[in-house]
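Below: the structure, in structure tokens.
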Protein chains: 2
Amino acid sequence: MGHTHYTIALDAMGGDHAPESWFQGASYALQKVPNLRFIMVGDEELFAPLFKKYRKVAEHSTTLHTKDAIADDEKPSTALRQGKHSSMQLAINQVKGELADAVVSGGNTGALMAMAKLSLRMLPGIKRPAAAGPFPTQKGDCIMLDLGANLSASAEELLQFAIMGDVYAKAALGKQAPRIALLNVGEEDTKGHSEIREAAELIRTTRPDLNFIGFVEGHHVTEGRADVIVADGFTGNIFLKSAEGTAKMMRNHIKAAFSQDWITKLSYLLTYKTMRNLRKRLDPRRYNGAIFLGLNGVAIKSHGSADAYAVSQAIRKAAGLLQHATNQHIIDELNACATQSEALDSSHVA
Amino acid sequence: MGHTHYTIALDAMGGDHAPESWFQGASYALQKVPNLRFIMVGDEELFAPLFKKYRKVAEHSTTLHTKDAIADDEKPSTALRQGKHSSMQLAINQVKGELADAVVSGGNTGALMAMAKLSLRMLPGIKRPAAAGPFPTQKGDCIMLDLGANLSASAEELLQFAIMGDVYAKAALGKQAPRIALLNVGEEDTKGHSEIREAAELIRTTRPDLNFIGFVEGHHVTEGRADVIVADGFTGNIFLKSAEGTAKMMRNHIKAAFSQDWITKLSYLLTYKTMRNLRKRLDPRRYNGAIFLGLNGVAIKSHGSADAYAVSQAIRKAAGLLQHATNQHIIDELNACATQSEALDSSHVA
């Protein structure tokens with residue numbers, strides 16, 4: 001550990017293209033972030049040929065053998081009970097035991113969340129973790145949370161999501177005072193259910209230092225009106241998958257439009273470079289890796305269908321969180337917040 | 001009234017481009033559906049030059065004069081109290097008094113909903129209206145409801161939305177047995193909050209005749225996995241605006257990509273026809289007009305920013321509902337449903 005390199009435990013058995021996607025993904029990540037070490041968790045028999053194929057990864061890795069893996073349709077409670085020797089649990093244990101700085105998994109989201117919560121515990125003062133990730137807008141990326149770690153969120157939990165999102169956006173987007181907004185069905189103060197209206201009030205009164213801009217609607221998100229979009233996990237997940245589905249539908253339509261006849265095929269060749277850049281910019285693989293903010297440790301969920309490039313992006317997200325010491329900043333922010341409200345409380349008493 | 005033509009009351013003061021969008025929209029609608037009559041509700045001074053400009057509309061219209069209009073930021077409760085002489089309320093009154101067969105408005109959604117509910121009342125047995133509308137998928141349109149008429153929905157209300165959606169999809173999409181799904185954050189039975197899980201159970205047990213396929217996620221909607229997507233109004237609205245925002249972002253990116261240099265500009269010309277067809281197919285204006293299903297009358301909300309073409313689509317939706325006698329079919333379905341459960345109840349007693 002320490003300053004010279006970061007060690008990341010990879011649950012190399014999780015995901016549709018596992019385990020090779022993890023080896024190739026690790027090799028891509030090393031090209032961008034050379035100071036990484038990996039603990040490859042999973043079946044060493046399956047790993048052996050992959051270590052031969054990805055020599056650079058082999059030089060940077062150790063292996064933790066297990067043949068157990070969590071099934072994709074396993075209930076979190078069952079996974080917790082019966083998955084003690086699973087690759088997922090062992091990978092998380094590496095962070096708990098301070099043998100690794102972060103864990104990345106492409107397995108069952110609910111199980112990962114439950115295991116990480118139980119093993120790593122929460123940061124002091126945080127009630128629930130939130131899944132956070134970047135989302136493309138017309139003016140660069142924003143950060144969105146919760147993308148689905150919880151089904152609902154109280155006003156106080158939404159406030160905590162806003163604080164964590166603020167810290168993460170400063171690190172990930174490099175913004176000084178990220179514009180924070182609550183995702184709602186209208187902009188007016190009267191819109192939305194009680195939790196979200198109370199959350200707006202709570203953020204305004206308890207954290208006037210945050211750059212809170214109020215409610216935004218879905219199309220304001222893509223317009224780039226805010227840098228941090230706060231929602232409960234059900235709403236955030238619905239938003240995300242609607243956007244992903246729509247983007248995919250449009251990509252397919254465009255592909256079909258270009259392959260109609262020889263003229264459109266020709267014009268595809270003419271615009272190839274531009275279209276490739278556009279595809280790159282909106283590539284969902286680039287956004288792979290949901291971060292469980294609020295855990296006392298760095299845990300990242302890679303998409304189940306992630307290929308090697310997508311996996312490398314999730315690994316790089318873990319490295320970024322470590323480089324920016326995001327969790328320490330969240331702790332500091334919450335402490336500052338607690339001290340502030342204590343000061344307020346005692347001034348009331350006086 | 002009757003079989004020869006349909007009369008539609010237009011709240012011609014609501015929307016960003018009112019009142020002209022309503023006159024031009026009515027003239028477009030007449031080109032497609034000649035057997036329409038209009039009651040233009042609003043300021044006759046503003047209407048006078050428009051009747052001169054749109055002669056065909058003048059031949060098919062009467063005027064109901066008022067200078068009052070509901071402001072876009074008016075609270076529904078205030079609108080109800082103070083808006084008795086507003087163009088919106090008067091337009092709704094035409095349906096209530098059976099002077100018109102349907103009402104279309106582009107004004108304040110909350111106010112329209114509250115007024116329509118109070119004036120027209122609900123269909124027998126229906127608890128709450130739902131805003132329904134078509135949504136594009138890779139395999140043709142689906143029907144989605146609730147798009148935002150209510151913030152939440154109980155399991156029983158979601159069941160009613162499913163029944164109403166089924167009837168509407170049969171008429172609007174011409175499908176024999178529309179595939180009905182609940183929008184959720186996962187496909188598995190264990191996913192989602194209690195209302196949605198109970199709703200799935202309720203639909204399965206009480207309406208085995210419906211073609212209910214269970215839960216779908218956002219990207220399944222755009223893949224075209226279901227014909228009727230059921231959600232509470234908060235979720236449906238978040239989904240819709242996320243999709244609209246994403247589609248707009250991609251359209252802007254593509255436009256920018258084509259206008260980069262003379263080569264891409266040339267290829268735009270080469271693909272012009274194909275791109276125009278694509279644009280047409282995904283044109284949000286084509287989908288304008290949310291239908292308040294469950295009301296004892298036909299009431300349609302046109303988007304506030306709707307132009308004349310979009311307005312004409314909302315008017316044509318009203319005509320379609322009337323032609324298919326959708327409300328009568330919903331009543332029949334609910335009656336069949338009630339008779340079924342009464343029969344079940346009495347068999348239990350016996």
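Each chain of the structure tokens is named A, B, ... in the order shown, its residues numbered from 1; ligands are numbered from 1 in display order.
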* 7 Å contacts from chain A to chain B using only C-alpha atoms, as a PyMOL selection string -> chain A and resi 138+151+185+192-193+217-219+222+234-235+237-239+241-247+249+257+263-264+267+270-271+274-275
Taking the DSSP secondary structure from the backbone, can you list the residues of stretch 149-264 of chain A that are strand (DSSP E or B), as a PDB file with all heavy atoms, in the first residue's frame?
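Saved result, states39.pdb, follows:
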```pdb
ATOM      1  N   ARG A 179     -22.538  22.411  -9.209  1.00  0.00           N
ATOM      2  CA  ARG A 179     -23.964  22.738  -9.078  1.00  0.00           C
ATOM      3  C   ARG A 179     -24.716  21.456  -8.739  1.00  0.00           C
ATOM      4  O   ARG A 179     -24.665  20.489  -9.495  1.00  0.00           O
ATOM      5  CB  ARG A 179     -24.484  23.325 -10.394  1.00  0.00           C
ATOM      6  CG  ARG A 179     -23.851  24.651 -10.782  1.00  0.00           C
ATOM      7  CD  ARG A 179     -24.018  24.891 -12.274  1.00  0.00           C
ATOM      8  NE  ARG A 179     -23.373  23.816 -13.036  1.00  0.00           N
ATOM      9  CZ  ARG A 179     -23.551  23.587 -14.322  1.00  0.00           C
ATOM     10  NH1 ARG A 179     -24.377  24.346 -15.014  1.00  0.00           N
ATOM     11  NH2 ARG A 179     -22.926  22.604 -14.935  1.00  0.00           N
ATOM     12  N   ILE A 180     -25.394  21.462  -7.610  1.00  0.00           N
ATOM     13  CA  ILE A 180     -26.088  20.262  -7.124  1.00  0.00           C
ATOM     14  C   ILE A 180     -27.587  20.428  -7.323  1.00  0.00           C
ATOM     15  O   ILE A 180     -28.140  21.488  -7.033  1.00  0.00           O
ATOM     16  CB  ILE A 180     -25.784  20.047  -5.629  1.00  0.00           C
ATOM     17  CG1 ILE A 180     -24.272  19.904  -5.431  1.00  0.00           C
ATOM     18  CG2 ILE A 180     -26.526  18.832  -5.085  1.00  0.00           C
ATOM     19  CD1 ILE A 180     -23.847  19.980  -3.992  1.00  0.00           C
ATOM     20  N   ALA A 181     -28.247  19.390  -7.819  1.00  0.00           N
ATOM     21  CA  ALA A 181     -29.696  19.468  -8.038  1.00  0.00           C
ATOM     22  C   ALA A 181     -30.372  18.163  -7.633  1.00  0.00           C
ATOM     23  O   ALA A 181     -29.749  17.103  -7.644  1.00  0.00           O
ATOM     24  CB  ALA A 181     -29.978  19.765  -9.508  1.00  0.00           C
ATOM     25  N   LEU A 182     -31.624  18.260  -7.262  1.00  0.00           N
ATOM     26  CA  LEU A 182     -32.448  17.076  -7.001  1.00  0.00           C
ATOM     27  C   LEU A 182     -33.264  16.775  -8.249  1.00  0.00           C
ATOM     28  O   LEU A 182     -33.893  17.679  -8.820  1.00  0.00           O
ATOM     29  CB  LEU A 182     -33.392  17.337  -5.823  1.00  0.00           C
ATOM     30  CG  LEU A 182     -32.763  17.304  -4.424  1.00  0.00           C
ATOM     31  CD1 LEU A 182     -33.676  18.011  -3.412  1.00  0.00           C
ATOM     32  CD2 LEU A 182     -32.509  15.869  -3.974  1.00  0.00           C
ATOM     33  N   LEU A 183     -33.276  15.524  -8.676  1.00  0.00           N
ATOM     34  CA  LEU A 183     -34.055  15.113  -9.852  1.00  0.00           C
ATOM     35  C   LEU A 183     -35.531  15.010  -9.470  1.00  0.00           C
ATOM     36  O   LEU A 183     -35.885  14.308  -8.540  1.00  0.00           O
ATOM     37  CB  LEU A 183     -33.545  13.762 -10.365  1.00  0.00           C
ATOM     38  CG  LEU A 183     -34.195  13.209 -11.637  1.00  0.00           C
ATOM     39  CD1 LEU A 183     -34.003  14.140 -12.820  1.00  0.00           C
ATOM     40  CD2 LEU A 183     -33.634  11.824 -11.972  1.00  0.00           C
ATOM     41  N   ASN A 211     -23.471  24.518  -3.488  1.00  0.00           N
ATOM     42  CA  ASN A 211     -24.022  25.238  -4.638  1.00  0.00           C
ATOM     43  C   ASN A 211     -25.278  24.505  -5.115  1.00  0.00           C
ATOM     44  O   ASN A 211     -25.309  23.931  -6.199  1.00  0.00           O
ATOM     45  CB  ASN A 211     -22.961  25.314  -5.729  1.00  0.00           C
ATOM     46  CG  ASN A 211     -23.377  26.201  -6.886  1.00  0.00           C
ATOM     47  OD1 ASN A 211     -24.426  26.855  -6.834  1.00  0.00           O
ATOM     48  ND2 ASN A 211     -22.561  26.223  -7.925  1.00  0.00           N
ATOM     49  N   PHE A 212     -26.313  24.551  -4.269  1.00  0.00           N
ATOM     50  CA  PHE A 212     -27.553  23.808  -4.546  1.00  0.00           C
ATOM     51  C   PHE A 212     -28.481  24.650  -5.412  1.00  0.00           C
ATOM     52  O   PHE A 212     -28.844  25.765  -5.036  1.00  0.00           O
ATOM     53  CB  PHE A 212     -28.230  23.438  -3.229  1.00  0.00           C
ATOM     54  CG  PHE A 212     -29.553  22.722  -3.399  1.00  0.00           C
ATOM     55  CD1 PHE A 212     -29.610  21.485  -4.024  1.00  0.00           C
ATOM     56  CD2 PHE A 212     -30.728  23.289  -2.932  1.00  0.00           C
ATOM     57  CE1 PHE A 212     -30.821  20.826  -4.180  1.00  0.00           C
ATOM     58  CE2 PHE A 212     -31.951  22.634  -3.081  1.00  0.00           C
ATOM     59  CZ  PHE A 212     -31.987  21.405  -3.710  1.00  0.00           C
ATOM     60  N   ILE A 213     -28.863  24.115  -6.576  1.00  0.00           N
ATOM     61  CA  ILE A 213     -29.655  24.914  -7.516  1.00  0.00           C
ATOM     62  C   ILE A 213     -31.124  24.488  -7.561  1.00  0.00           C
ATOM     63  O   ILE A 213     -31.884  24.974  -8.385  1.00  0.00           O
ATOM     64  CB  ILE A 213     -29.056  24.886  -8.940  1.00  0.00           C
ATOM     65  CG1 ILE A 213     -29.040  23.440  -9.490  1.00  0.00           C
ATOM     66  CG2 ILE A 213     -27.644  25.457  -8.952  1.00  0.00           C
ATOM     67  CD1 ILE A 213     -28.797  23.365 -10.986  1.00  0.00           C
ATOM     68  N   GLY A 214     -31.538  23.569  -6.676  1.00  0.00           N
ATOM     69  CA  GLY A 214     -32.952  23.182  -6.604  1.00  0.00           C
ATOM     70  C   GLY A 214     -33.280  21.951  -7.419  1.00  0.00           C
ATOM     71  O   GLY A 214     -32.456  21.070  -7.579  1.00  0.00           O
ATOM     72  N   PHE A 215     -34.503  21.921  -7.944  1.00  0.00           N
ATOM     73  CA  PHE A 215     -34.970  20.761  -8.708  1.00  0.00           C
ATOM     74  C   PHE A 215     -34.601  20.879 -10.185  1.00  0.00           C
ATOM     75  O   PHE A 215     -34.621  21.972 -10.743  1.00  0.00           O
ATOM     76  CB  PHE A 215     -36.500  20.635  -8.617  1.00  0.00           C
ATOM     77  CG  PHE A 215     -37.005  20.387  -7.216  1.00  0.00           C
ATOM     78  CD1 PHE A 215     -38.194  20.971  -6.781  1.00  0.00           C
ATOM     79  CD2 PHE A 215     -36.311  19.573  -6.333  1.00  0.00           C
ATOM     80  CE1 PHE A 215     -38.674  20.744  -5.497  1.00  0.00           C
ATOM     81  CE2 PHE A 215     -36.786  19.336  -5.044  1.00  0.00           C
ATOM     82  CZ  PHE A 215     -37.970  19.931  -4.630  1.00  0.00           C
ATOM     83  N   VAL A 216     -34.301  19.748 -10.798  1.00  0.00           N
ATOM     84  CA  VAL A 216     -34.176  19.702 -12.262  1.00  0.00           C
ATOM     85  C   VAL A 216     -35.030  18.543 -12.780  1.00  0.00           C
ATOM     86  O   VAL A 216     -35.279  17.573 -12.077  1.00  0.00           O
ATOM     87  CB  VAL A 216     -32.726  19.501 -12.760  1.00  0.00           C
ATOM     88  CG1 VAL A 216     -31.879  20.730 -12.508  1.00  0.00           C
ATOM     89  CG2 VAL A 216     -32.085  18.257 -12.136  1.00  0.00           C
ATOM     90  N   VAL A 228     -24.088  17.701 -10.216  1.00  0.00           N
ATOM     91  CA  VAL A 228     -24.413  16.561  -9.351  1.00  0.00           C
ATOM     92  C   VAL A 228     -25.928  16.396  -9.342  1.00  0.00           C
ATOM     93  O   VAL A 228     -26.650  17.327  -8.994  1.00  0.00           O
ATOM     94  CB  VAL A 228     -23.919  16.788  -7.906  1.00  0.00           C
ATOM     95  CG1 VAL A 228     -24.296  15.600  -7.017  1.00  0.00           C
ATOM     96  CG2 VAL A 228     -22.417  17.031  -7.875  1.00  0.00           C
ATOM     97  N   ILE A 229     -26.395  15.226  -9.761  1.00  0.00           N
ATOM     98  CA  ILE A 229     -27.824  14.943  -9.788  1.00  0.00           C
ATOM     99  C   ILE A 229     -28.131  13.952  -8.668  1.00  0.00           C
ATOM    100  O   ILE A 229     -27.613  12.843  -8.662  1.00  0.00           O
ATOM    101  CB  ILE A 229     -28.262  14.316 -11.131  1.00  0.00           C
ATOM    102  CG1 ILE A 229     -27.670  15.084 -12.313  1.00  0.00           C
ATOM    103  CG2 ILE A 229     -29.768  14.206 -11.213  1.00  0.00           C
ATOM    104  CD1 ILE A 229     -28.156  16.486 -12.482  1.00  0.00           C
ATOM    105  N   VAL A 230     -28.974  14.378  -7.729  1.00  0.00           N
ATOM    106  CA  VAL A 230     -29.297  13.546  -6.570  1.00  0.00           C
ATOM    107  C   VAL A 230     -30.707  12.967  -6.727  1.00  0.00           C
ATOM    108  O   VAL A 230     -31.645  13.695  -7.065  1.00  0.00           O
ATOM    109  CB  VAL A 230     -29.201  14.366  -5.268  1.00  0.00           C
ATOM    110  CG1 VAL A 230     -29.603  13.523  -4.067  1.00  0.00           C
ATOM    111  CG2 VAL A 230     -27.792  14.921  -5.100  1.00  0.00           C
TER     112      VAL A 230
END
```
Distance query A:Glu195 at most 9 Å, only C-alpha atoms, self and fewer than 6 positions along chain excluded, as a PDB file with N, CA and C atoms, in the first residue's frame:
```pdb
ATOM      1  N   ALA A 153     -35.145   6.788  -0.449  1.00  0.00           N
ATOM      2  CA  ALA A 153     -34.218   7.588   0.349  1.00  0.00           C
ATOM      3  C   ALA A 153     -35.013   8.635   1.105  1.00  0.00           C
ATOM      4  N   SER A 154     -34.699   8.808   2.381  1.00  0.00           N
ATOM      5  CA  SER A 154     -35.334   9.860   3.178  1.00  0.00           C
ATOM      6  C   SER A 154     -34.696  11.193   2.826  1.00  0.00           C
ATOM      7  N   ALA A 155     -35.299  12.283   3.314  1.00  0.00           N
ATOM      8  CA  ALA A 155     -34.751  13.624   3.076  1.00  0.00           C
ATOM      9  C   ALA A 155     -33.316  13.701   3.588  1.00  0.00           C
ATOM     10  N   GLU A 156     -33.077  13.143   4.770  1.00  0.00           N
ATOM     11  CA  GLU A 156     -31.729  13.214   5.347  1.00  0.00           C
ATOM     12  C   GLU A 156     -30.732  12.421   4.509  1.00  0.00           C
ATOM     13  N   LEU A 158     -30.988  11.890   1.290  1.00  0.00           N
ATOM     14  CA  LEU A 158     -30.760  12.671   0.062  1.00  0.00           C
ATOM     15  C   LEU A 158     -29.758  13.798   0.332  1.00  0.00           C
TER      16      LEU A 158
END
```
* Select, from A:Val298, A:Ala130, A:Leu46, A:Ala29, the residue with the minimum atom-to-atom distance to A:Asp146, counting only C-alpha atoms. =>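 Of the candidates, the smallest distance to A:Asp146 is held by A:Ala130.
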* To do: List every residue of stretch 101-346 of chain B that DSSP, applied to the backbone of this structure, places in alpha helix (DSSP H), and write the result as a PyMOL selection string.
  => chain B and resi 109-120+155-173+194-206+218-223+233-258+262-270+272-282+308-323+326-346
* Name the residues in contact with stretch 88-102 of chain A at a cut-off of 9 Å, using only C-alpha atoms, excluding same-chain residues fewer than 4 positions from it; report them as JSON, numbers by chain. => {"A": [1, 6, 7, 8, 9, 10, 11, 12, 13, 14, 37, 38, 39, 40, 41, 42, 64, 66, 68, 69, 70, 80, 83, 84, 107, 111, 112, 115, 116, 119, 120, 296, 297, 298, 299, 300, 318, 319, 322]}
Keeping only N, CA and C atoms, write the selected residues as a short mmCIF file (atom, residue, chain, number, x, y, z; two decimals), in the first residue's frame.
```
data_model
loop_
_atom_site.label_atom_id
_atom_site.label_comp_id
_atom_site.auth_asym_id
_atom_site.auth_seq_id
_atom_site.Cartn_x
_atom_site.Cartn_y
_atom_site.Cartn_z
N MET A 1 0.84 -1.20 0.00
CA MET A 1 0.00 0.00 0.00
C MET A 1 0.87 1.25 0.00
N TYR A 6 -1.21 1.46 -5.83
CA TYR A 6 -2.52 1.08 -5.28
C TYR A 6 -2.80 -0.37 -5.63
N THR A 7 -3.32 -1.10 -4.65
CA THR A 7 -3.66 -2.49 -4.88
C THR A 7 -5.18 -2.64 -4.99
N ILE A 8 -5.63 -3.25 -6.08
CA ILE A 8 -7.07 -3.41 -6.31
C ILE A 8 -7.42 -4.89 -6.40
N ALA A 9 -8.37 -5.30 -5.55
CA ALA A 9 -8.84 -6.69 -5.57
C ALA A 9 -9.91 -6.81 -6.65
N LEU A 10 -9.71 -7.74 -7.59
CA LEU A 10 -10.67 -7.94 -8.67
C LEU A 10 -11.43 -9.25 -8.48
N ASP A 11 -12.74 -9.13 -8.36
CA ASP A 11 -13.60 -10.32 -8.33
C ASP A 11 -13.69 -10.82 -9.76
N ALA A 12 -12.69 -11.59 -10.15
CA ALA A 12 -12.48 -11.90 -11.57
C ALA A 12 -13.40 -13.00 -12.09
N MET A 13 -14.38 -13.41 -11.29
CA MET A 13 -15.32 -14.43 -11.73
C MET A 13 -16.68 -13.82 -12.10
N GLY A 14 -16.87 -12.53 -11.84
CA GLY A 14 -18.18 -11.90 -12.05
C GLY A 14 -18.29 -11.21 -13.41
N ARG A 37 -1.47 -2.49 -8.60
CA ARG A 37 -1.24 -3.92 -8.32
C ARG A 37 -2.63 -4.56 -8.23
N PHE A 38 -2.71 -5.84 -8.62
CA PHE A 38 -4.01 -6.51 -8.57
C PHE A 38 -3.95 -7.76 -7.70
N ILE A 39 -5.05 -8.02 -7.01
CA ILE A 39 -5.25 -9.34 -6.42
C ILE A 39 -6.37 -9.98 -7.22
N MET A 40 -6.02 -10.98 -8.01
CA MET A 40 -7.02 -11.66 -8.85
C MET A 40 -7.69 -12.74 -8.01
N VAL A 41 -9.01 -12.56 -7.77
CA VAL A 41 -9.71 -13.51 -6.92
C VAL A 41 -10.59 -14.42 -7.77
N GLY A 42 -10.36 -15.72 -7.65
CA GLY A 42 -11.15 -16.66 -8.44
C GLY A 42 -10.40 -17.97 -8.66
N LEU A 64 -5.69 -15.04 -5.46
CA LEU A 64 -6.36 -15.60 -4.29
C LEU A 64 -7.36 -16.61 -4.84
N THR A 66 -10.23 -19.36 -5.29
CA THR A 66 -11.50 -19.93 -4.83
C THR A 66 -12.28 -20.41 -6.04
N ASP A 68 -15.65 -20.87 -5.61
CA ASP A 68 -17.02 -20.39 -5.35
C ASP A 68 -17.28 -19.05 -6.03
N ALA A 69 -18.48 -18.92 -6.59
CA ALA A 69 -18.89 -17.62 -7.13
C ALA A 69 -20.37 -17.41 -6.83
N ILE A 70 -20.78 -16.15 -6.70
CA ILE A 70 -22.18 -15.81 -6.42
C ILE A 70 -22.95 -15.82 -7.74
N LEU A 80 -25.09 -13.65 1.34
CA LEU A 80 -24.39 -13.33 2.59
C LEU A 80 -24.15 -14.60 3.40
N GLY A 83 -22.20 -17.39 0.84
CA GLY A 83 -21.12 -16.96 -0.05
C GLY A 83 -19.82 -16.60 0.64
N LYS A 84 -19.59 -17.15 1.83
CA LYS A 84 -18.41 -16.75 2.62
C LYS A 84 -17.09 -17.02 1.88
N GLY A 107 -20.16 -8.78 -10.48
CA GLY A 107 -21.19 -9.76 -10.11
C GLY A 107 -22.49 -9.12 -9.66
N ALA A 111 -25.98 -8.49 -4.00
CA ALA A 111 -25.07 -9.24 -3.14
C ALA A 111 -23.83 -8.43 -2.83
N LEU A 112 -23.28 -7.77 -3.86
CA LEU A 112 -22.07 -6.96 -3.67
C LEU A 112 -22.33 -5.85 -2.66
N MET A 115 -22.81 -7.39 0.93
CA MET A 115 -21.52 -7.87 1.46
C MET A 115 -20.59 -6.71 1.79
N ALA A 116 -20.52 -5.74 0.89
CA ALA A 116 -19.61 -4.61 1.10
C ALA A 116 -20.06 -3.80 2.32
N SER A 119 -19.26 -5.94 5.47
CA SER A 119 -17.84 -6.16 5.74
C SER A 119 -17.08 -4.85 5.95
N LEU A 120 -17.36 -3.87 5.11
CA LEU A 120 -16.57 -2.63 5.16
C LEU A 120 -17.19 -1.60 6.10
N ASN A 296 -16.99 2.54 4.05
CA ASN A 296 -15.66 2.76 4.61
C ASN A 296 -14.66 1.91 3.82
N GLY A 297 -14.47 2.25 2.58
CA GLY A 297 -13.62 1.50 1.67
C GLY A 297 -14.09 1.79 0.26
N VAL A 298 -13.25 1.51 -0.72
CA VAL A 298 -13.62 1.78 -2.11
C VAL A 298 -14.11 0.50 -2.76
N ALA A 299 -15.39 0.48 -3.14
CA ALA A 299 -15.99 -0.68 -3.80
C ALA A 299 -16.71 -0.21 -5.04
N ILE A 300 -16.43 -0.86 -6.16
CA ILE A 300 -17.00 -0.45 -7.44
C ILE A 300 -17.67 -1.62 -8.14
N ALA A 318 -11.69 3.28 -9.72
CA ALA A 318 -11.19 2.93 -8.38
C ALA A 318 -9.89 3.68 -8.11
N ALA A 319 -8.99 3.66 -9.09
CA ALA A 319 -7.71 4.35 -8.93
C ALA A 319 -7.92 5.84 -8.69
N LEU A 322 -8.97 6.62 -5.17
CA LEU A 322 -7.84 6.47 -4.24
C LEU A 322 -6.90 7.67 -4.37
#
```
* Asked: When you draw a straight line from atom CA of B:Arg285 to atom CA of B:Ala310, how long is it in Å?
  -> 4.6 Å
* atom CA of B:Ala48 and atom CA of B:His60, how far apart in Å? ->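 Result for atom CA of B:His60 versus atom CA of B:Ala48: 14.5 Å, one decimal.
With only C-alpha atoms as the atoms that count, the residue of B:Asp227, B:Asp232, B:Asp141, B:Glu333 with the shortest distance to B:Asp209 is B:Glu333.
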* Just the residues within 7 Å of A:Phe23, please, counting only C-alpha atoms, with nothing from its chain fewer than 6 positions along; format it as an NGL selection string. => :A and (50 or 54 or 57)
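Taking atom CA of B:Ala131 and atom CA of B:Val167 as the two end points, the separation is 14.1 Å.
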* Residue among B:Pro124, B:Gly15, B:Gly25, B:Pro129 lying closest to B:Asp72, counting only C-alpha atoms ->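 The answer is B:Gly15, which sits nearest to B:Asp72.
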